[in-house]
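**Student:** The file below is my_file.cif, mmCIF, C-alpha atoms:
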```cif
data_query
loop_
_atom_site.group_PDB
_atom_site.id
_atom_site.type_symbol
_atom_site.label_atom_id
_atom_site.label_comp_id
_atom_site.auth_asym_id
_atom_site.auth_seq_id
_atom_site.Cartn_x
_atom_site.Cartn_y
_atom_site.Cartn_z
ATOM 1 C CA MET A 10 0.000 0.000 0.000
ATOM 2 C CA PRO A 11 1.487 3.404 -0.902
ATOM 3 C CA LYS A 12 2.134 5.906 1.885
ATOM 4 C CA ASP A 13 -0.196 8.512 0.484
ATOM 5 C CA LEU A 14 -2.752 7.876 -2.255
ATOM 6 C CA THR A 15 -3.453 11.404 -3.469
ATOM 7 C CA PRO A 16 -6.796 12.317 -5.103
ATOM 8 C CA ALA A 17 -4.960 12.520 -8.463
ATOM 9 C CA ALA A 18 -3.491 9.030 -7.986
ATOM 10 C CA PHE A 19 -6.851 7.582 -6.934
ATOM 11 C CA ASN A 20 -8.577 9.105 -9.975
ATOM 12 C CA ILE A 21 -5.923 7.722 -12.324
ATOM 13 C CA LEU A 22 -6.164 4.243 -10.792
ATOM 14 C CA LEU A 23 -9.950 4.410 -11.006
ATOM 15 C CA CYS A 24 -9.738 5.242 -14.735
ATOM 16 C CA LEU A 25 -7.330 2.431 -15.438
ATOM 17 C CA ALA A 26 -9.508 -0.077 -13.561
ATOM 18 C CA GLY A 27 -11.756 -0.010 -16.649
ATOM 19 C CA GLU A 28 -9.262 -0.366 -19.489
ATOM 20 C CA PRO A 29 -5.706 0.610 -20.494
ATOM 21 C CA MET A 30 -5.471 4.292 -21.405
ATOM 22 C CA HIS A 31 -2.920 6.848 -22.519
ATOM 23 C CA GLY A 32 -2.250 10.091 -20.630
ATOM 24 C CA TYR A 33 -4.570 12.435 -22.474
ATOM 25 C CA ALA A 34 -7.429 9.897 -22.358
ATOM 26 C CA ILE A 35 -6.946 9.744 -18.571
ATOM 27 C CA ILE A 36 -7.183 13.553 -18.318
ATOM 28 C CA GLN A 37 -10.395 13.563 -20.366
ATOM 29 C CA HIS A 38 -11.888 10.600 -18.511
ATOM 30 C CA VAL A 39 -11.240 12.146 -15.077
ATOM 31 C CA LYS A 40 -12.745 15.444 -16.228
ATOM 32 C CA THR A 41 -15.887 13.747 -17.561
ATOM 33 C CA SER A 42 -16.400 11.287 -14.716
ATOM 34 C CA THR A 43 -16.033 13.991 -12.052
ATOM 35 C CA GLU A 44 -18.226 16.420 -14.050
ATOM 36 C CA GLY A 45 -15.303 18.845 -14.322
ATOM 37 C CA ARG A 46 -14.634 18.988 -10.573
ATOM 38 C CA VAL A 47 -11.196 17.371 -10.921
ATOM 39 C CA LYS A 48 -8.928 18.717 -13.648
ATOM 40 C CA LEU A 49 -5.569 17.025 -14.051
ATOM 41 C CA GLY A 50 -2.893 18.993 -15.851
ATOM 42 C CA PRO A 51 -0.292 17.064 -17.885
ATOM 43 C CA GLY A 52 2.410 17.997 -15.346
ATOM 44 C CA THR A 53 0.487 16.565 -12.384
ATOM 45 C CA LEU A 54 -0.588 13.570 -14.455
ATOM 46 C CA TYR A 55 2.901 12.445 -15.473
ATOM 47 C CA SER A 56 4.408 13.161 -12.028
ATOM 48 C CA THR A 57 1.696 10.928 -10.547
ATOM 49 C CA ILE A 58 2.113 8.280 -13.272
ATOM 50 C CA LYS A 59 5.851 8.226 -12.507
ATOM 51 C CA ARG A 60 5.153 7.522 -8.811
ATOM 52 C CA LEU A 61 2.518 4.885 -9.635
ATOM 53 C CA LEU A 62 4.988 3.123 -11.965
ATOM 54 C CA GLU A 63 7.696 3.243 -9.277
ATOM 55 C CA THR A 64 5.371 1.772 -6.634
ATOM 56 C CA GLY A 65 4.254 -0.969 -9.041
ATOM 57 C CA LEU A 66 0.582 0.011 -9.053
ATOM 58 C CA ILE A 67 0.500 0.488 -12.836
ATOM 59 C CA VAL A 68 2.600 -0.725 -15.784
ATOM 60 C CA GLU A 69 2.924 0.229 -19.406
ATOM 61 C CA SER A 70 0.470 -1.787 -21.485
ATOM 62 C CA ASP A 71 1.308 -3.690 -24.670
ATOM 63 C CA ILE A 72 -2.314 -3.505 -25.785
ATOM 64 C CA ARG A 73 -2.872 -0.406 -27.949
ATOM 65 C CA PRO A 74 -4.803 0.496 -31.093
ATOM 66 C CA ASP A 75 -2.710 0.118 -34.268
ATOM 67 C CA ASP A 76 -3.678 3.500 -35.684
ATOM 68 C CA ASP A 77 -2.777 5.582 -32.589
ATOM 69 C CA ASP A 78 0.150 8.032 -32.339
ATOM 70 C CA GLU A 79 3.283 6.018 -31.483
ATOM 71 C CA ARG A 80 4.376 8.625 -28.968
ATOM 72 C CA ARG A 81 1.375 7.823 -26.776
ATOM 73 C CA ARG A 82 2.012 5.170 -24.155
ATOM 74 C CA TYR A 83 -0.802 3.149 -22.668
ATOM 75 C CA TYR A 84 -0.944 2.301 -18.978
ATOM 76 C CA THR A 85 -2.796 -0.438 -17.148
ATOM 77 C CA LEU A 86 -3.339 -1.514 -13.524
ATOM 78 C CA THR A 87 -1.269 -4.267 -11.929
ATOM 79 C CA SER A 88 -2.958 -6.767 -9.596
ATOM 80 C CA ASN A 89 -1.518 -4.820 -6.654
ATOM 81 C CA GLY A 90 -2.865 -1.569 -8.128
ATOM 82 C CA ARG A 91 -6.316 -3.144 -8.430
ATOM 83 C CA LYS A 92 -6.167 -4.235 -4.771
ATOM 84 C CA VAL A 93 -5.141 -0.730 -3.661
ATOM 85 C CA VAL A 94 -7.866 1.077 -5.607
ATOM 86 C CA GLN A 95 -10.410 -1.492 -4.410
ATOM 87 C CA ALA A 96 -9.366 -0.980 -0.772
ATOM 88 C CA GLU A 97 -9.602 2.807 -1.160
ATOM 89 C CA ALA A 98 -13.039 2.538 -2.816
ATOM 90 C CA GLN A 99 -14.254 0.306 0.017
ATOM 91 C CA HIS A 100 -12.933 2.821 2.536
ATOM 92 C CA LEU A 101 -14.848 5.595 0.768
ATOM 93 C CA GLU A 102 -17.960 3.394 0.652
ATOM 94 C CA ARG A 103 -17.795 2.975 4.423
ATOM 95 C CA LEU A 104 -17.490 6.745 4.851
ATOM 96 C CA VAL A 105 -20.527 7.320 2.613
ATOM 97 C CA LYS A 106 -22.453 4.766 4.698
ATOM 98 C CA GLN A 107 -21.514 6.665 7.865
ATOM 99 C CA ALA A 108 -22.612 9.943 6.264
ATOM 100 C CA ARG A 109 -25.973 8.344 5.390
ATOM 101 C CA ASN A 110 -26.344 7.047 8.939
ATOM 102 C CA VAL A 111 -26.075 10.574 10.305
ATOM 103 C CA LYS A 112 -28.416 11.874 7.580
ATOM 104 C CA LEU A 113 -25.770 13.926 5.792
ATOM 105 C CA LEU A 114 -26.608 12.090 2.565
ATOM 106 C CA ARG A 115 -29.890 10.779 1.236
ATOM 107 C CA GLY A 116 -30.253 7.079 0.431
ATOM 108 C CA VAL A 117 -30.335 3.717 2.168
ATOM 109 C CA ALA A 118 -27.805 3.408 5.014
ATOM 110 C CA MET E 13 7.675 34.529 -26.530
ATOM 111 C CA ASN E 14 5.240 31.966 -27.906
ATOM 112 C CA LEU E 15 3.686 29.200 -25.828
ATOM 113 C CA GLU E 16 5.788 26.441 -27.350
ATOM 114 C CA ARG E 17 8.938 28.187 -26.161
ATOM 115 C CA VAL E 18 7.424 28.694 -22.696
ATOM 116 C CA PHE E 19 6.725 24.971 -22.389
ATOM 117 C CA ASP E 20 10.159 24.112 -23.828
ATOM 118 C CA SER E 21 11.734 26.272 -21.111
ATOM 119 C CA ILE E 22 9.638 24.568 -18.426
ATOM 120 C CA MET E 23 10.610 21.156 -19.837
ATOM 121 C CA ARG E 24 14.242 22.049 -19.111
ATOM 122 C CA ILE E 25 13.419 22.339 -15.395
ATOM 123 C CA TYR E 26 12.407 18.671 -15.281
ATOM 124 C CA PRO E 27 15.308 16.329 -14.444
ATOM 125 C CA LYS E 28 16.844 14.568 -17.458
ATOM 126 C CA SER E 29 15.617 11.124 -16.402
ATOM 127 C CA PHE E 30 12.036 12.435 -16.258
ATOM 128 C CA ARG E 31 12.391 14.200 -19.622
ATOM 129 C CA ASP E 32 13.787 11.077 -21.264
ATOM 130 C CA ARG E 33 10.915 8.944 -20.013
ATOM 131 C CA PHE E 34 7.923 11.311 -20.181
ATOM 132 C CA GLY E 35 9.118 14.281 -22.281
ATOM 133 C CA GLU E 36 7.373 13.328 -25.529
ATOM 134 C CA GLU E 37 4.133 12.410 -23.767
ATOM 135 C CA LEU E 38 4.206 15.643 -21.765
ATOM 136 C CA LYS E 39 4.656 17.776 -24.896
ATOM 137 C CA LEU E 40 1.799 15.895 -26.527
ATOM 138 C CA GLY E 41 -0.318 16.457 -23.408
ATOM 139 C CA PHE E 42 0.332 20.218 -23.482
ATOM 140 C CA GLN E 43 -0.500 20.385 -27.210
ATOM 141 C CA ASP E 44 -3.715 18.376 -26.739
ATOM 142 C CA GLU E 45 -4.821 20.551 -23.836
ATOM 143 C CA LEU E 46 -4.041 23.794 -25.690
ATOM 144 C CA ASN E 47 -5.953 22.573 -28.749
ATOM 145 C CA THR E 48 -8.971 21.580 -26.649
ATOM 146 C CA ASN E 49 -9.016 24.549 -24.219
ATOM 147 C CA PRO E 50 -7.344 27.535 -25.850
ATOM 148 C CA SER E 51 -8.653 30.071 -23.283
ATOM 149 C CA LYS E 52 -6.203 32.305 -21.415
ATOM 150 C CA LEU E 53 -7.313 30.922 -18.039
ATOM 151 C CA GLU E 54 -6.731 27.320 -19.111
ATOM 152 C CA THR E 55 -3.343 28.238 -20.568
ATOM 153 C CA ALA E 56 -2.351 29.938 -17.295
ATOM 154 C CA ASN E 57 -3.508 26.847 -15.417
ATOM 155 C CA LEU E 58 -1.400 24.628 -17.671
ATOM 156 C CA ILE E 59 1.690 26.784 -17.141
ATOM 157 C CA ILE E 60 1.237 26.777 -13.334
ATOM 158 C CA ASP E 61 0.666 23.015 -13.367
ATOM 159 C CA ALA E 62 3.773 22.418 -15.473
ATOM 160 C CA LEU E 63 5.905 24.803 -13.381
ATOM 161 C CA THR E 64 4.935 23.300 -10.005
ATOM 162 C CA SER E 65 5.320 19.746 -11.272
ATOM 163 C CA ALA E 66 8.709 20.476 -12.883
ATOM 164 C CA THR E 67 10.014 22.239 -9.757
ATOM 165 C CA TRP E 68 8.878 19.372 -7.562
ATOM 166 C CA GLU E 69 10.465 16.721 -9.812
ATOM 167 C CA ARG E 70 13.705 18.733 -9.848
ATOM 168 C CA LEU E 71 13.705 19.069 -6.046
ATOM 169 C CA GLN E 72 13.096 15.346 -5.648
ATOM 170 C CA ALA E 73 15.892 14.479 -8.050
ATOM 171 C CA THR E 74 18.420 16.804 -6.375
ATOM 172 C CA LYS E 75 19.265 14.772 -3.296
ATOM 173 C CA TRP E 76 21.741 17.269 -1.791
ATOM 174 C CA LEU E 77 18.965 19.856 -1.669
ATOM 175 C CA TYR E 78 16.993 17.603 0.670
ATOM 176 C CA TRP E 79 19.952 17.464 3.066
ATOM 177 C CA LEU E 80 20.404 21.232 2.807
ATOM 178 C CA PHE E 81 16.726 21.758 3.642
ATOM 179 C CA ALA E 82 16.900 19.242 6.476
ATOM 180 C CA PHE E 83 20.026 20.927 7.903
ATOM 181 C CA SER E 84 18.318 24.332 7.692
ATOM 182 C CA ALA E 85 15.324 22.869 9.500
ATOM 183 C CA ILE E 86 17.546 21.579 12.321
ATOM 184 C CA VAL E 87 19.253 24.992 12.589
ATOM 185 C CA PHE E 88 15.881 26.737 12.626
ATOM 186 C CA TYR E 89 14.441 24.611 15.423
ATOM 187 C CA SER E 90 17.667 24.589 17.468
ATOM 188 C CA PHE E 91 17.814 28.379 17.488
ATOM 189 C CA SER E 92 14.102 28.686 18.169
ATOM 190 C CA LEU E 93 14.449 26.368 21.176
ATOM 191 C CA ALA E 94 17.588 28.175 22.320
ATOM 192 C CA GLY E 95 15.726 31.467 22.054
ATOM 193 C CA MET E 96 12.994 30.143 24.310
ATOM 194 C CA ALA E 97 15.310 28.419 26.793
ATOM 195 C CA PHE E 98 17.997 31.060 27.469
ATOM 196 C CA SER E 99 17.935 34.525 28.954
ATOM 197 C CA SER E 100 16.447 37.502 27.156
ATOM 198 C CA GLU E 101 19.961 38.828 26.354
ATOM 199 C CA VAL E 102 20.811 35.684 24.379
ATOM 200 C CA THR E 103 17.371 35.726 22.805
ATOM 201 C CA GLN E 104 17.854 39.298 21.643
ATOM 202 C CA GLN E 105 21.215 38.445 20.091
ATOM 203 C CA ILE E 106 19.701 35.518 18.210
ATOM 204 C CA GLU E 107 16.834 37.719 17.143
ATOM 205 C CA GLU E 108 19.157 40.410 15.781
ATOM 206 C CA ASN E 109 21.376 37.999 13.871
ATOM 207 C CA LEU E 110 18.951 35.427 12.570
ATOM 208 C CA THR E 111 15.642 37.170 12.042
ATOM 209 C CA PRO E 112 16.287 38.011 8.363
ATOM 210 C CA PHE E 113 16.856 34.327 7.626
ATOM 211 C CA PHE E 114 13.880 32.924 9.522
ATOM 212 C CA PRO E 115 11.361 32.986 6.641
ATOM 213 C CA TYR E 116 13.857 31.149 4.416
ATOM 214 C CA LEU E 117 14.638 28.626 7.142
ATOM 215 C CA LEU E 118 10.911 28.100 7.588
ATOM 216 C CA ILE E 119 10.484 27.440 3.852
ATOM 217 C CA SER E 120 13.437 25.016 3.962
ATOM 218 C CA THR E 121 11.739 23.201 6.836
ATOM 219 C CA SER E 122 8.541 22.904 4.813
ATOM 220 C CA PHE E 123 10.406 21.544 1.794
ATOM 221 C CA ALA E 124 12.402 19.075 3.907
ATOM 222 C CA LEU E 125 9.212 17.738 5.473
ATOM 223 C CA LEU E 126 7.331 17.534 2.186
ATOM 224 C CA LEU E 127 10.258 15.784 0.482
ATOM 225 C CA ARG E 128 10.588 13.370 3.400
ATOM 226 C CA LEU E 129 6.872 12.570 3.249
ATOM 227 C CA GLU E 130 7.008 12.463 -0.568
ATOM 228 C CA ARG E 131 3.954 14.691 -0.619
ATOM 229 C CA VAL E 132 3.519 17.074 -3.530
ATOM 230 C CA PRO E 133 2.645 20.578 -2.240
ATOM 231 C CA THR E 134 -0.775 21.921 -3.171
ATOM 232 C CA ARG E 135 -1.053 25.120 -5.220
ATOM 233 C CA LEU E 136 -1.981 27.017 -2.074
ATOM 234 C CA GLU E 137 1.169 25.758 -0.329
ATOM 235 C CA TRP E 138 3.327 26.774 -3.300
ATOM 236 C CA PHE E 139 1.687 30.180 -3.237
ATOM 237 C CA GLY E 140 2.241 30.530 0.528
ATOM 238 C CA MET E 141 5.899 29.568 0.255
ATOM 239 C CA ALA E 142 6.501 31.891 -2.687
ATOM 240 C CA LEU E 143 4.776 34.720 -0.842
ATOM 241 C CA SER E 144 6.839 34.251 2.316
ATOM 242 C CA PHE E 145 9.998 33.974 0.202
ATOM 243 C CA PHE E 146 9.474 37.219 -1.713
ATOM 244 C CA PHE E 147 7.687 39.140 1.048
ATOM 245 C CA PRO E 148 9.140 37.733 4.273
ATOM 246 C CA ILE E 149 6.967 38.578 7.247
ATOM 247 C CA ASP E 150 8.870 39.243 10.441
ATOM 248 C CA SER E 151 7.252 36.237 12.094
ATOM 249 C CA GLY E 152 10.490 34.970 13.642
ATOM 250 C CA SER E 153 11.092 38.312 15.279
ATOM 251 C CA ALA E 154 7.540 38.456 16.617
ATOM 252 C CA ALA E 155 7.840 34.976 18.134
ATOM 253 C CA LEU E 156 11.196 35.757 19.733
ATOM 254 C CA THR E 157 10.040 39.097 21.124
ATOM 255 C CA LYS E 158 7.088 37.316 22.684
ATOM 256 C CA SER E 159 9.315 34.615 24.217
ATOM 257 C CA SER E 160 11.774 37.227 25.557
ATOM 258 C CA LYS E 161 8.910 39.077 27.221
ATOM 259 C CA ILE E 162 7.764 35.855 28.861
ATOM 260 C CA SER E 163 11.284 35.087 30.154
ATOM 261 C CA GLU E 164 11.574 38.616 31.589
#
```
Kindly present the structure from the file in C-alpha cells form.
**Tutor:**
Amino acid sequence: MPKDLTPAAFNILLCLAGEPMHGYAIIQHVKTSTEGRVKLGPGTLYSTIKRLLETGLIVESDIRPDDDDERRRYYTLTSNGRKVVQAEAQHLERLVKQARNVKLLRGVA
Amino acid sequence: MNLERVFDSIMRIYPKSFRDRFGEELKLGFQDELNTNPSKLETANLIIDALTSATWERLQATKWLYWLFAFSAIVFYSFSLAGMAFSSEVTQQIEENLTPFFPYLLISTSFALLLRLERVPTRLEWFGMALSFFFPIDSGSAALTKSSKISE
C-alpha cells in the first residue's frame, strides 16, 4: 500500500480499472467522470504516473490500437494496483455509509 | 515569446531522467490541452501546473537539496528552542542575527518535510511559500520578542 494515495493518484487508478489508457485519455476521462470537478494537468498527471509506476501500481500496457500516435504510451493496472484502488473505494464506501447514517446524505444506510 | 517556447523552457526544469521517459508524452499532453481549451485561463492553469510539477520533480531528483533543507530545518528549530530556553539577552542576540533568515529557514523546513513525506505541495502551499519567500513577514522576530517578554 502506498504511503499517500493522493486524489490525483486515486482518480488515475480508477480510470485504469476499466481499461488501459494513454495520458490524455486519462485527463479527459477524469474530467468527464467527475463532471469537471477534478482537472488534471499534464504535469500533475505524469508526475503521478511516474510515482505509480515506481510503486508498481501500474505498468505500461502492450495492448494499444494500431492507428494511434506512437508517442502515446498506454498504462494499465497491476494486480496490486487493483487491490489498492479497491481498498480505497471500500474505505470511501464505508465513509458514505456513515454519512448516510447521520443523515448527511440521502439514500439507504 | 510563444507558448511552445514557454513549455520548452519549463521542460528544461524537469530532471533529465524524467524528460527522457515522459518528455514526448508531456509535450503531446500540453498540445492536446491547448488545442482543446485555448482560453487564457486554461493556458495559465497549464503553465502553473507544469511549473509546479517540474520544480517538484527537480527538487526530488536533487538529493543534496533535501539534506540542505533538512540541515536548515535543524538549525531553525535549534535556534528557536535556544531562544525560548535562554535569557532575554541571548534571545535578543539571536533575534538580531537570525531574524532576516527565519522565513527562508521556515520554507526550507517545509520543503524538507514535504520531500521526506514524498507529498507534492498543493497550489496554495506553493503560493504561501513563494509569498513568504518574496515578502518575508517578520514572524520569527515576533515569536522571539514574545518569548523574551515571557522570560523577563
**Student:** Counting all atoms listed in the file, collect the residues of chain E whose closest atom lies at most 6 Å from chain A, and write them out as a list in words.
**Tutor:**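 Going by the stated atoms only, the list reads Gly41, Asp61, Ala62 and Ser65 of chain E.
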**Student:** Limited to C-alpha atoms, could you put the picked residues into a file as a PDB file, keeping the file's coordinate frame?
**Tutor:**
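Saved as selection_15.pdb:
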```
ATOM      1  CA  GLY E  41      -0.318  16.457 -23.408  1.00  0.00           C
ATOM      2  CA  ASP E  61       0.666  23.015 -13.367  1.00  0.00           C
ATOM      3  CA  ALA E  62       3.773  22.418 -15.473  1.00  0.00           C
ATOM      4  CA  SER E  65       5.320  19.746 -11.272  1.00  0.00           C
TER       5      SER E  65
END
```
**Student:** State, in Å with one decimal place, the distance from CA of Arg73 (chain A) to CA of Lys28 (chain E).
**Tutor:** 26.9 Å
**Student:** What is the CA of Ala108 (chain A) to CA of Pro16 (chain A) distance in Å?
**Tutor:**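 CA of Pro16 (chain A) lies 19.6 Å from CA of Ala108 (chain A).
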**Student:** Kindly give the distance, in Å, that separates CA of Asn109 (chain E) and CA of Val87 (chain E), rounded to a single decimal.
**Tutor:**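 Taking CA of Asn109 (chain E) and CA of Val87 (chain E), their separation equals 13.2 Å.
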**Student:** Residues within 12 Å of Pro133 (chain E), please, as a list in words. Count only C-alpha atoms; anything in the same chain fewer than 3 positions from it doesn't count.
**Tutor:**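 Returned residues: Thr15 and Thr53 of chain A; Asp61, Thr64, Ser65, Thr67, Trp68, Glu69, Leu71, Ser122, Phe123, Ala124, Leu125, Leu126, Leu127, Leu129, Glu130, Leu136, Glu137, Trp138, Phe139, Gly140, Met141 and Ala142 of chain E.
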**Student:** So which residues touch region 21-29 of chain A within 7 Å, counting only C-alpha atoms, skipping near sequence neighbours fewer than 4 positions away, as a list of chain:residue names?
**Tutor:**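 Residues near the query, excluding close chain neighbours: A:Ala17, A:Ile35, A:His38, A:Ser70, A:Tyr83, A:Tyr84, A:Thr85, A:Leu86, A:Arg91, A:Val94.
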**Student:** Once you add 4 Å to each side, what are the centre and edge lengths of the axis-aligned box holding all listed atoms of region 20-24 of chain A? One decimal in Å, as AutoDock Vina command-line options, if you can.
**Tutor:**
```
--center_x -7.9 --center_y 6.7 --center_z -12.4 --size_x 12.0 --size_y 12.9 --size_z 12.8
```
**Student:** Which is closer to Ala56 (chain E) than all the others in E:Leu40, E:Ile86, E:Leu15, E:Met23, using all atoms listed in the file?
**Tutor:**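 Using all atoms listed in the file, the shortest distance to Ala56 (chain E) belongs to E:Leu15.
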